[in-house]
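Peer 1: What follows is run-v2.tsv, TSV, C-alpha atoms.
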```tsv
chain	number	residue	atom	x	y	z
A	1	MET	CA	0.00	0.00	0.00
A	2	THR	CA	2.85	2.38	0.81
A	3	MET	CA	4.39	1.82	-2.62
A	4	PHE	CA	1.01	2.45	-4.25
A	5	VAL	CA	0.66	5.78	-2.42
A	6	LEU	CA	4.22	6.76	-3.36
A	7	ALA	CA	3.49	5.90	-7.00
A	8	ALA	CA	0.35	8.06	-6.84
A	9	THR	CA	2.41	10.89	-5.38
A	10	LEU	CA	4.95	10.58	-8.19
A	11	LEU	CA	2.12	10.66	-10.73
A	12	VAL	CA	0.72	13.87	-9.21
A	13	VAL	CA	4.21	15.40	-9.27
A	14	VAL	CA	4.49	14.59	-12.99
A	15	VAL	CA	1.05	16.05	-13.68
A	16	GLY	CA	2.14	19.15	-11.77
A	17	LEU	CA	5.02	19.59	-14.21
A	18	LEU	CA	2.52	19.80	-17.05
A	19	ILE	CA	0.10	22.31	-15.56
A	20	GLY	CA	0.64	26.04	-15.10
A	21	THR	CA	0.21	29.36	-16.82
A	22	LYS	CA	2.05	27.74	-19.71
A	23	GLN	CA	0.85	24.20	-20.36
A	24	LEU	CA	3.47	21.63	-21.31
A	25	GLY	CA	2.99	18.27	-22.99
A	26	LEU	CA	4.28	15.05	-21.46
A	27	PRO	CA	6.88	14.44	-24.23
A	28	LYS	CA	8.28	17.95	-23.71
A	29	VAL	CA	8.47	17.49	-19.94
A	30	LEU	CA	10.24	14.15	-20.28
A	31	SER	CA	12.63	15.73	-22.78
A	32	VAL	CA	13.67	18.59	-20.50
A	33	LEU	CA	13.88	16.27	-17.50
A	34	LEU	CA	16.34	14.00	-19.30
A	35	ALA	CA	18.22	16.76	-21.13
A	36	PRO	CA	17.89	20.26	-19.61
A	37	ASP	CA	18.73	22.90	-22.21
A	38	GLY	CA	18.34	26.14	-20.26
A	39	LYS	CA	15.42	27.33	-22.37
A	40	ILE	CA	12.10	28.56	-21.02
A	41	ASP	CA	10.48	25.12	-20.79
A	42	SER	CA	13.50	23.72	-19.00
A	43	ILE	CA	13.45	26.63	-16.54
A	44	LEU	CA	9.74	26.11	-15.90
A	45	VAL	CA	10.28	22.45	-15.08
A	46	TRP	CA	13.60	22.48	-13.23
A	47	THR	CA	13.50	25.87	-11.51
A	48	LEU	CA	9.81	26.48	-10.79
A	49	ARG	CA	7.64	23.38	-10.86
A	50	LEU	CA	9.78	20.39	-9.85
A	51	PRO	CA	11.33	21.84	-6.66
A	52	ARG	CA	7.95	23.22	-5.65
A	53	SER	CA	6.23	19.83	-5.99
A	54	LEU	CA	9.04	18.03	-4.18
A	55	ALA	CA	8.93	20.62	-1.40
A	56	ALA	CA	5.19	20.01	-1.07
A	57	ALA	CA	5.79	16.25	-0.85
A	58	VAL	CA	8.51	16.59	1.80
A	59	GLY	CA	6.46	19.13	3.76
A	60	GLY	CA	3.38	16.91	3.70
A	61	ALA	CA	5.38	13.89	4.87
A	62	GLY	CA	6.85	15.90	7.73
A	63	LEU	CA	3.49	17.22	8.93
A	64	ALA	CA	1.97	13.74	8.71
A	65	ILE	CA	4.77	12.23	10.79
A	66	SER	CA	4.35	15.00	13.34
A	67	GLY	CA	0.66	14.20	13.68
A	68	TYR	CA	1.35	10.47	13.93
A	69	LEU	CA	3.85	10.96	16.74
A	70	LEU	CA	1.59	13.36	18.64
A	71	GLN	CA	-1.32	10.92	18.44
A	72	ALA	CA	0.91	8.05	19.54
A	73	LEU	CA	2.42	10.09	22.37
A	74	THR	CA	-0.92	11.21	23.79
A	75	ARG	CA	-2.91	8.15	22.66
A	76	ASN	CA	-5.40	10.75	21.52
A	77	PRO	CA	-6.94	10.72	18.02
A	78	LEU	CA	-7.52	14.48	18.01
A	79	ALA	CA	-3.83	15.30	18.39
A	80	GLY	CA	-2.04	17.02	15.53
A	81	PRO	CA	0.28	19.98	14.87
A	82	ASP	CA	-2.72	22.31	14.42
A	83	ILE	CA	-4.86	21.02	17.28
A	84	THR	CA	-2.10	20.84	19.89
A	85	GLY	CA	-0.82	24.34	19.13
A	86	VAL	CA	2.50	23.09	17.72
A	87	ALA	CA	1.99	24.86	14.38
A	88	SER	CA	0.91	28.14	15.99
A	89	GLY	CA	3.75	27.87	18.49
A	90	ALA	CA	6.24	27.51	15.65
A	91	VAL	CA	4.77	30.29	13.51
A	92	ALA	CA	4.24	33.04	16.10
A	93	PRO	CA	7.90	33.46	17.16
A	94	ILE	CA	9.04	33.26	13.54
A	95	VAL	CA	6.72	36.15	12.65
A	96	CYS	CA	8.00	38.10	15.66
A	97	CYS	CA	11.60	37.55	14.55
A	98	PHE	CA	10.75	38.57	10.99
A	99	VAL	CA	9.15	41.84	12.10
A	100	PHE	CA	11.07	42.87	15.23
A	101	PHE	CA	14.45	41.20	14.67
A	102	PRO	CA	15.06	41.29	10.90
A	103	TRP	CA	18.80	40.95	11.50
A	104	ILE	CA	18.26	37.33	12.59
A	105	SER	CA	19.04	35.08	9.62
A	106	SER	CA	16.27	32.85	8.33
A	107	VAL	CA	18.68	29.95	8.79
A	108	TYR	CA	17.83	30.10	12.49
A	109	TYR	CA	14.05	30.18	12.00
A	110	PRO	CA	13.64	26.39	12.39
A	111	PHE	CA	15.32	26.61	15.80
A	112	VAL	CA	13.02	29.48	16.74
A	113	GLY	CA	10.03	27.46	15.53
A	114	LEU	CA	11.27	24.40	17.41
A	115	ALA	CA	11.42	26.29	20.70
A	116	GLY	CA	7.98	27.84	20.14
A	117	GLY	CA	6.40	24.57	19.07
A	118	LEU	CA	7.80	22.68	22.05
A	119	ALA	CA	6.59	25.38	24.44
A	120	ALA	CA	3.08	25.46	22.97
A	121	ALA	CA	2.79	21.66	22.89
A	122	SER	CA	4.01	21.42	26.50
A	123	VAL	CA	1.37	23.89	27.67
A	124	THR	CA	-1.33	22.05	25.73
A	125	LEU	CA	-0.32	18.70	27.22
A	126	TRP	CA	-0.32	20.25	30.69
A	127	VAL	CA	-3.83	21.62	30.15
A	128	SER	CA	-5.02	18.21	28.95
A	129	ARG	CA	-3.49	16.37	31.94
A	130	GLY	CA	-0.41	15.16	30.12
A	131	GLY	CA	-2.44	14.26	27.06
A	132	GLN	CA	-4.26	11.52	28.99
A	133	GLY	CA	-7.58	13.31	29.47
A	134	ARG	CA	-10.56	13.01	27.17
A	135	PRO	CA	-9.85	13.75	23.48
A	136	LEU	CA	-11.85	16.96	23.62
A	137	HIS	CA	-9.71	18.20	26.54
A	138	LEU	CA	-6.70	18.09	24.26
A	139	ALA	CA	-8.59	19.67	21.38
A	140	LEU	CA	-9.99	22.51	23.48
A	141	GLY	CA	-6.65	23.12	25.19
A	142	GLY	CA	-4.79	23.17	21.89
A	143	ILE	CA	-7.35	25.40	20.20
A	144	SER	CA	-7.17	27.84	23.13
A	145	ILE	CA	-3.37	28.01	22.86
A	146	SER	CA	-3.64	28.38	19.07
A	147	LEU	CA	-6.13	31.24	19.40
A	148	LEU	CA	-3.89	33.03	21.89
A	149	LEU	CA	-0.85	32.67	19.66
A	150	GLY	CA	-2.93	33.60	16.62
A	151	ALA	CA	-3.98	36.83	18.34
A	152	ILE	CA	-0.33	37.64	19.05
A	153	THR	CA	0.57	36.92	15.44
A	154	THR	CA	-2.25	39.16	14.20
A	155	TYR	CA	-1.10	42.00	16.44
A	156	VAL	CA	2.45	41.66	15.14
A	157	LEU	CA	1.11	41.69	11.57
A	158	LEU	CA	-0.58	45.02	12.26
A	159	LEU	CA	2.83	46.40	13.13
A	160	SER	CA	4.62	44.95	10.10
A	161	GLY	CA	3.53	47.66	7.63
A	162	PRO	CA	4.41	46.90	3.99
A	163	GLN	CA	5.44	43.35	4.86
A	164	THR	CA	1.87	42.39	5.75
A	165	PRO	CA	0.71	40.98	2.36
A	166	SER	CA	3.65	38.60	2.01
A	167	LEU	CA	3.31	37.48	5.62
A	168	LEU	CA	-0.43	36.90	5.20
A	169	PHE	CA	0.14	34.68	2.16
A	170	TRP	CA	2.81	32.75	4.05
A	171	LEU	CA	0.46	32.35	7.03
A	172	SER	CA	-2.14	30.83	4.69
A	173	GLY	CA	0.29	28.03	3.93
A	174	GLY	CA	1.74	27.44	0.49
A	175	PHE	CA	4.69	26.59	-1.72
A	176	GLN	CA	4.56	29.37	-4.28
A	177	GLY	CA	8.04	30.29	-5.47
A	178	ARG	CA	9.72	27.55	-3.45
A	179	SER	CA	13.04	26.45	-4.97
A	180	TRP	CA	15.80	23.91	-4.47
A	181	PRO	CA	17.37	25.81	-1.54
A	182	HIS	CA	13.99	25.77	0.25
A	183	LEU	CA	13.72	22.02	-0.32
A	184	LEU	CA	17.24	21.43	1.00
A	185	TYR	CA	16.49	23.78	3.91
A	186	MET	CA	13.63	21.74	5.35
A	187	THR	CA	14.45	18.18	4.25
A	188	PRO	CA	16.93	17.41	7.08
A	189	TRP	CA	14.34	18.38	9.69
A	190	VAL	CA	11.76	16.08	8.14
A	191	LEU	CA	14.25	13.23	7.75
A	192	VAL	CA	15.27	13.47	11.41
A	193	GLY	CA	11.61	13.27	12.46
A	194	LEU	CA	10.90	10.36	10.12
A	195	GLY	CA	14.09	8.50	10.96
A	196	GLY	CA	13.55	9.05	14.67
A	197	ALA	CA	9.98	7.75	14.44
A	198	LEU	CA	11.18	4.60	12.63
A	199	ALA	CA	13.93	4.11	15.19
A	200	CYS	CA	11.36	4.41	18.00
A	201	GLN	CA	8.73	2.18	16.42
A	202	ARG	CA	8.99	-0.42	19.20
A	203	VAL	CA	8.38	2.27	21.83
A	204	ILE	CA	5.46	3.65	19.81
A	205	GLY	CA	3.97	0.16	19.62
A	206	MET	CA	4.24	-0.20	23.40
A	207	LEU	CA	2.59	3.17	23.97
A	208	ALA	CA	-0.39	2.01	21.90
A	209	LEU	CA	-1.22	-0.53	24.63
A	210	SER	CA	-1.50	1.79	27.63
A	211	GLU	CA	0.80	3.92	29.70
A	212	HIS	CA	0.59	1.54	32.64
A	213	ALA	CA	1.39	-1.44	30.44
A	214	SER	CA	4.31	0.44	28.90
A	215	ILE	CA	5.73	1.25	32.32
A	216	GLY	CA	5.21	-2.37	33.37
A	217	MET	CA	7.31	-3.48	30.40
A	218	GLY	CA	10.15	-1.24	31.56
A	219	LEU	CA	9.55	1.86	29.43
A	220	ASN	CA	11.02	5.01	30.98
A	221	MET	CA	8.26	7.53	30.31
A	222	ASN	CA	10.31	10.44	31.66
A	223	PHE	CA	12.79	9.83	28.83
A	224	TRP	CA	10.61	8.70	25.94
A	225	LYS	CA	7.79	11.22	26.22
A	226	PRO	CA	10.02	14.30	25.84
A	227	LEU	CA	11.98	12.56	23.08
A	228	LEU	CA	8.86	11.70	21.08
A	229	LEU	CA	7.55	15.24	21.57
A	230	LEU	CA	10.84	16.61	20.24
A	231	LEU	CA	10.67	14.29	17.22
A	232	ALA	CA	7.07	15.42	16.60
A	233	VAL	CA	7.95	19.11	16.64
A	234	LEU	CA	11.13	18.87	14.54
A	235	PRO	CA	9.38	18.42	11.15
A	236	VAL	CA	7.00	21.30	11.89
A	237	ALA	CA	9.94	23.51	12.82
A	238	GLY	CA	11.55	22.74	9.46
A	239	VAL	CA	8.42	23.05	7.33
A	240	ALA	CA	6.89	26.17	8.91
A	241	PRO	CA	9.57	28.69	7.81
A	242	VAL	CA	9.23	27.46	4.21
A	243	ALA	CA	5.51	26.81	3.81
A	244	GLY	CA	3.82	28.40	6.79
A	245	PRO	CA	1.09	26.51	8.67
A	246	VAL	CA	-0.53	23.92	6.36
A	247	ALA	CA	-3.63	22.84	8.22
A	248	PHE	CA	-5.06	19.38	9.05
A	249	VAL	CA	-2.47	17.23	7.25
A	250	GLY	CA	-1.06	15.97	10.53
A	251	LEU	CA	-4.54	15.21	11.87
A	252	VAL	CA	-6.00	13.41	8.86
A	253	SER	CA	-3.05	11.35	7.57
A	254	PRO	CA	-2.68	9.03	10.61
A	255	HIS	CA	-6.42	8.32	10.57
A	256	ILE	CA	-6.32	7.31	6.91
A	257	THR	CA	-3.37	5.06	7.74
A	258	ARG	CA	-5.29	3.29	10.48
A	259	LEU	CA	-8.22	2.73	8.13
A	260	LEU	CA	-5.82	0.94	5.73
A	261	LYS	CA	-4.54	-1.30	8.57
A	262	PRO	CA	-0.82	-1.66	7.76
A	263	GLN	CA	1.09	-4.70	9.03
A	264	ASN	CA	3.07	-3.12	11.86
A	265	THR	CA	4.19	0.17	13.39
A	266	GLY	CA	7.06	0.65	10.93
A	267	TRP	CA	4.77	0.33	7.93
A	268	SER	CA	2.24	2.62	9.65
A	269	ILE	CA	4.90	5.33	9.95
A	270	ALA	CA	5.99	4.95	6.33
A	271	LEU	CA	2.42	4.89	5.05
A	272	THR	CA	1.49	7.97	7.08
A	273	ALA	CA	4.42	9.90	5.59
A	274	ALA	CA	3.44	8.78	2.08
A	275	ILE	CA	-0.20	9.79	2.58
A	276	GLY	CA	0.83	13.19	3.91
A	277	ALA	CA	3.06	13.73	0.88
A	278	LEU	CA	0.24	12.75	-1.49
A	279	MET	CA	-2.26	15.03	0.27
A	280	VAL	CA	-0.10	18.14	0.11
A	281	VAL	CA	1.18	17.54	-3.43
A	282	THR	CA	-2.42	17.12	-4.59
A	283	ALA	CA	-3.56	20.19	-2.65
A	284	ASP	CA	-0.70	22.21	-4.14
A	285	LEU	CA	-1.66	21.10	-7.65
A	286	ILE	CA	-5.28	22.11	-7.05
A	287	ALA	CA	-4.24	25.43	-5.49
A	288	ARG	CA	-2.18	26.49	-8.50
A	289	SER	CA	-4.46	25.19	-11.24
A	290	VAL	CA	-8.05	25.82	-10.14
A	291	ALA	CA	-7.89	29.61	-10.61
A	292	LEU	CA	-5.24	30.13	-13.28
A	293	PRO	CA	-3.36	32.43	-13.68
A	294	ARG	CA	-3.82	33.19	-9.98
A	295	GLU	CA	-2.98	30.83	-7.13
A	296	LEU	CA	-4.70	29.89	-3.90
A	297	PRO	CA	-2.78	29.14	-0.69
A	298	VAL	CA	-2.37	25.42	-0.14
A	299	GLY	CA	-3.53	25.83	3.46
A	300	ILE	CA	-6.98	26.84	2.22
A	301	ILE	CA	-7.32	23.62	0.21
A	302	THR	CA	-6.18	21.36	3.05
A	303	ALA	CA	-8.45	23.21	5.49
A	304	LEU	CA	-11.44	22.73	3.18
A	305	LEU	CA	-10.69	19.01	3.10
A	306	GLY	CA	-9.59	18.54	6.70
A	307	GLY	CA	-12.09	20.78	8.48
A	308	PRO	CA	-15.13	18.57	7.79
A	309	PHE	CA	-13.07	15.51	8.73
A	310	PHE	CA	-12.25	17.07	12.11
A	311	VAL	CA	-15.93	17.86	12.71
A	312	TYR	CA	-16.77	14.26	11.82
A	313	LEU	CA	-14.25	12.97	14.37
A	314	VAL	CA	-15.64	15.19	17.11
A	315	GLN	CA	-19.25	14.27	16.34
A	316	THR	CA	-18.87	10.50	15.99
A	317	GLN	CA	-16.27	9.89	18.73
A	318	SER	CA	-15.60	6.62	16.86
A	319	PHE	CA	-11.85	6.76	17.34
A	320	SER	CA	-9.64	3.89	16.44
A	321	LEU	CA	-6.92	4.54	19.03
A	322	LYS	CA	-7.18	2.63	22.27
A	323	GLY	CA	-7.79	4.65	25.39
A	324	GLY	CA	-7.99	8.39	25.71
A	325	GLN	CA	-11.74	8.24	25.21
```
Produce structure tokens that represent the structure in this file.
Peer 2:
Amino acid sequence: MTMFVLAATLLVVVVGLLIGTKQLGLPKVLSVLLAPDGKIDSILVWTLRLPRSLAAAVGGAGLAISGYLLQALTRNPLAGPDITGVASGAVAPIVCCFVFFPWISSVYYPFVGLAGGLAAASVTLWVSRGGQGRPLHLALGGISISLLLGAITTYVLLLSGPQTPSLLFWLSGGFQGRSWPHLLYMTPWVLVGLGGALACQRVIGMLALSEHASIGMGLNMNFWKPLLLLLAVLPVAGVAPVAGPVAFVGLVSPHITRLLKPQNTGWSIALTAAIGALMVVTADLIARSVALPRELPVGIITALLGGPFFVYLVQTQSFSLKGGQ
């Protein structure tokens, strides 16, 4: 199933190379992919469209892994980068640095986002009794933190003057104009989160039983909980400076994975990353093709898809994770 999703993602990436203000045929795209010639079609493919689609795929995988780890850590199906305040916690300090401390290089923005995301997630987990309360406790706590941080971000935007339009588009989430340096900028953060999740798959499997059972099997919760939280925030810290907050990917992807019932925890992690990549690449393709020659922010597309799904989860309470009900 993972390979099928990856193949579908690759197909969407190829379709994305064809579509734009200037439409390209498949033979032309294949030609410039195999033999770049520096002409306009080659520039469109290699400089504008391909790095953007790959950045969307990597960003989607990172957000999906973040959501998977947060849900595993809290054993709560409503956990995700948006719901727990991780995304808002990463974005708010980055906006503050951009407006008030422009001398700080953007190279350090992931570290700023990491600190903010960890702080916001820690407060949310504290409000929801360590993530072990009812699912709605976590959701309400995270939404409250997100609203507070969103208000701070809005106030800072009012002070940003001529920078406001570009910041607003970034805050809507999107990959417009993203290039190879942007892709290289965030990929290590996503790879660390993904690699760390795969390395911790045995621990994640134990956490799925219950916290008491995990402790009984010798799991040191004081060590593994902070580590898993760090691994969950790392991809968001890397993706947020490049794409802004892309909503609901981290919430929806793990649920789709559980519906597909992969063989074990390792395959669940890989499948979740693949589904996240497919979701964001598809959303990016829709965002830049549905209103040509203009573009919509990717975050709007993912919110339109993920918002109803979140409402469905809250209404049905038919969660597939054990415990945390």
Peer 1: Using only C-alpha atoms, can you tell me which of A:Val246, A:Ala274, A:Ile83, A:Ile269 comes closest to Phe169 (chain A)?
Peer 2: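 Of all the options, A:Val246 lies closest to Phe169 (chain A).
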Peer 1: Find the residues around region 211-217 of chain A up to 10 Å (only C-alpha atoms counted), leave out those fewer than 2 positions away in its own chain, and share them as a list in words.
Peer 2: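 Using only C-alpha atoms, the neighbours found are Leu73, Thr74, Arg75, Gln132, Val203, Ile204, Gly205, Met206, Leu207, Ala208, Leu209, Leu219, Asn220, Met221 and Gly323 of chain A.
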Peer 1: Please, which residues in region 230-278 of chain A fall within 9 Å of region 6-29 of chain A when counting only C-alpha atoms, and what is the closest atom pair and distance in Å to one decimal for each, ordered by chain then residue number, as JSON lines?
Peer 2:
```
{"residue": "A:Leu271", "atom": "CA", "partner": "A:Leu6", "partner_atom": "CA", "distance": 8.8}
{"residue": "A:Ala274", "atom": "CA", "partner": "A:Leu6", "partner_atom": "CA", "distance": 5.9}
{"residue": "A:Ile275", "atom": "CA", "partner": "A:Leu6", "partner_atom": "CA", "distance": 8.0}
{"residue": "A:Ala277", "atom": "CA", "partner": "A:Thr9", "partner_atom": "CA", "distance": 6.9}
{"residue": "A:Leu278", "atom": "CA", "partner": "A:Thr9", "partner_atom": "CA", "distance": 4.8}
```
Peer 1: Using only C-alpha atoms, which residues sit within 9 Å of Val190 (chain A) once same-chain residues fewer than 3 positions away are excluded, as a PyMOL selection string?
Peer 2: chain A and resi 58-59+61-63+65+186-187+193-195+234-239
Peer 1: From the set A:Leu227, A:Ala151, A:Ile143, A:Val86, which residue has the shortest atom-to-atom contact distance to Ala120 (chain A), counting only C-alpha atoms?
Peer 2: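 Answer, going by the shortest atom-to-atom distance: A:Val86.
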Peer 1: Check the smallest atom-to-atom distance from each of A:Pro181, A:Val242, A:Val127, A:Leu231 to Gly142 (chain A) using only C-alpha atoms, then report the winner.
Peer 2: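 When distances to Gly142 (chain A) are compared using only C-alpha atoms, the smallest one comes from A:Val127.
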Peer 1: Check the smallest atom-to-atom distance from each of A:Gly117, A:Gly174, A:Pro226, A:Gly306 to Ala243 (chain A) using all atoms listed in the file, then report the winner.
Peer 2: A:Gly174
Peer 1: When distances are computed from only C-alpha atoms, which of A:Thr282, A:Ser128, A:Gln315, A:Ser289 shows the smallest separation from Ala57 (chain A)?
Peer 2: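 Result for the nearest residue to Ala57 (chain A): A:Thr282.
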Peer 1: Between A:Arg288, A:Val99, A:Pro293, A:Val281, which has the minimum distance to Tyr155 (chain A) (counting all atoms listed in the file)?
Peer 2: A:Val99
Peer 1: If you measure from CA of Leu171 (chain A) to CA of Gly244 (chain A), what distance in Å do you get, rounded to one decimal?
Peer 2: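 According to the coordinates, CA of Leu171 (chain A) and CA of Gly244 (chain A) are separated by 5.2 Å.
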Peer 1: Measure the distance from CA of Trp126 (chain A) to CA of Pro81 (chain A) in Å and round it to one decimal.
Peer 2: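 Taking CA of Trp126 (chain A) as the start and CA of Pro81 (chain A) as the end point, the length is 15.8 Å.
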Peer 1: Can you tell me how far CA of Ile286 (chain A) sits from CA of Tyr312 (chain A), in Å to one decimal?
Peer 2: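 These two atoms are separated by 23.4 Å.
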Peer 1: Which region 144-255 of chain A residues have any atom within 9 Å of an atom of region 88-95 of chain A, and for each, what is the nearest pair of atoms with distance in Å to one decimal, counting all atoms listed in the file, rows sorted by chain and number, as a Markdown table?
Peer 2:
```
| residue | atom | partner | partner_atom | distance |
| --- | --- | --- | --- | --- |
| A:Ile145 | CA | A:Ser88 | CA | 8.1 |
| A:Ser146 | CA | A:Ser88 | CA | 5.5 |
| A:Leu147 | CA | A:Ser88 | CA | 8.4 |
| A:Leu149 | CA | A:Ser88 | CA | 6.1 |
| A:Gly150 | CA | A:Ser88 | CA | 6.7 |
| A:Ile152 | CA | A:Ala92 | CA | 7.1 |
| A:Thr153 | CA | A:Ala92 | CA | 5.4 |
| A:Val156 | CA | A:Val95 | CA | 7.4 |
| A:Leu157 | CA | A:Val95 | CA | 8.0 |
| A:Leu167 | CA | A:Val95 | CA | 7.9 |
| A:Leu171 | CA | A:Val91 | CA | 8.1 |
| A:Val233 | CA | A:Ala90 | CA | 8.6 |
| A:Val236 | CA | A:Ala90 | CA | 7.3 |
| A:Ala237 | CA | A:Ala90 | CA | 6.1 |
| A:Ala240 | CA | A:Val91 | CA | 6.5 |
| A:Pro241 | CA | A:Ile94 | CA | 7.3 |
| A:Gly244 | CA | A:Val91 | CA | 7.0 |
| A:Pro245 | CA | A:Val91 | CA | 7.2 |
```
Peer 1: Which residues are near region 294-303 of chain A? Cut-off 6 Å, all atoms listed in the file, ignore same chain within fewer than 4 positions. Put them as a PDB file with C-alpha atoms, in the frame of the given file.
Peer 2:
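To be explicit, this is the file written out as out-v3.pdb:
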```pdb
ATOM      1  CA  SER A 172      -2.140  30.830   4.690  1.00  0.00           C
ATOM      2  CA  GLY A 173       0.290  28.030   3.930  1.00  0.00           C
ATOM      3  CA  GLY A 174       1.740  27.440   0.490  1.00  0.00           C
ATOM      4  CA  VAL A 246      -0.530  23.920   6.360  1.00  0.00           C
ATOM      5  CA  ALA A 247      -3.630  22.840   8.220  1.00  0.00           C
ATOM      6  CA  ALA A 283      -3.560  20.190  -2.650  1.00  0.00           C
ATOM      7  CA  ASP A 284      -0.700  22.210  -4.140  1.00  0.00           C
ATOM      8  CA  ALA A 287      -4.240  25.430  -5.490  1.00  0.00           C
ATOM      9  CA  ARG A 288      -2.180  26.490  -8.500  1.00  0.00           C
ATOM     10  CA  GLY A 307     -12.090  20.780   8.480  1.00  0.00           C
TER      11      GLY A 307
END
```
Peer 1: Around region 222-234 of chain A, fit a box with edges along x, y and z, padding it by 8 Å on each side, then list its centre and edge lengths in Å to one decimal as lines of an AutoDock Vina configuration file.
Peer 2:
```
center_x = 9.9
center_y = 13.9
center_z = 23.1
size_x = 21.7
size_y = 26.4
size_z = 33.1
```
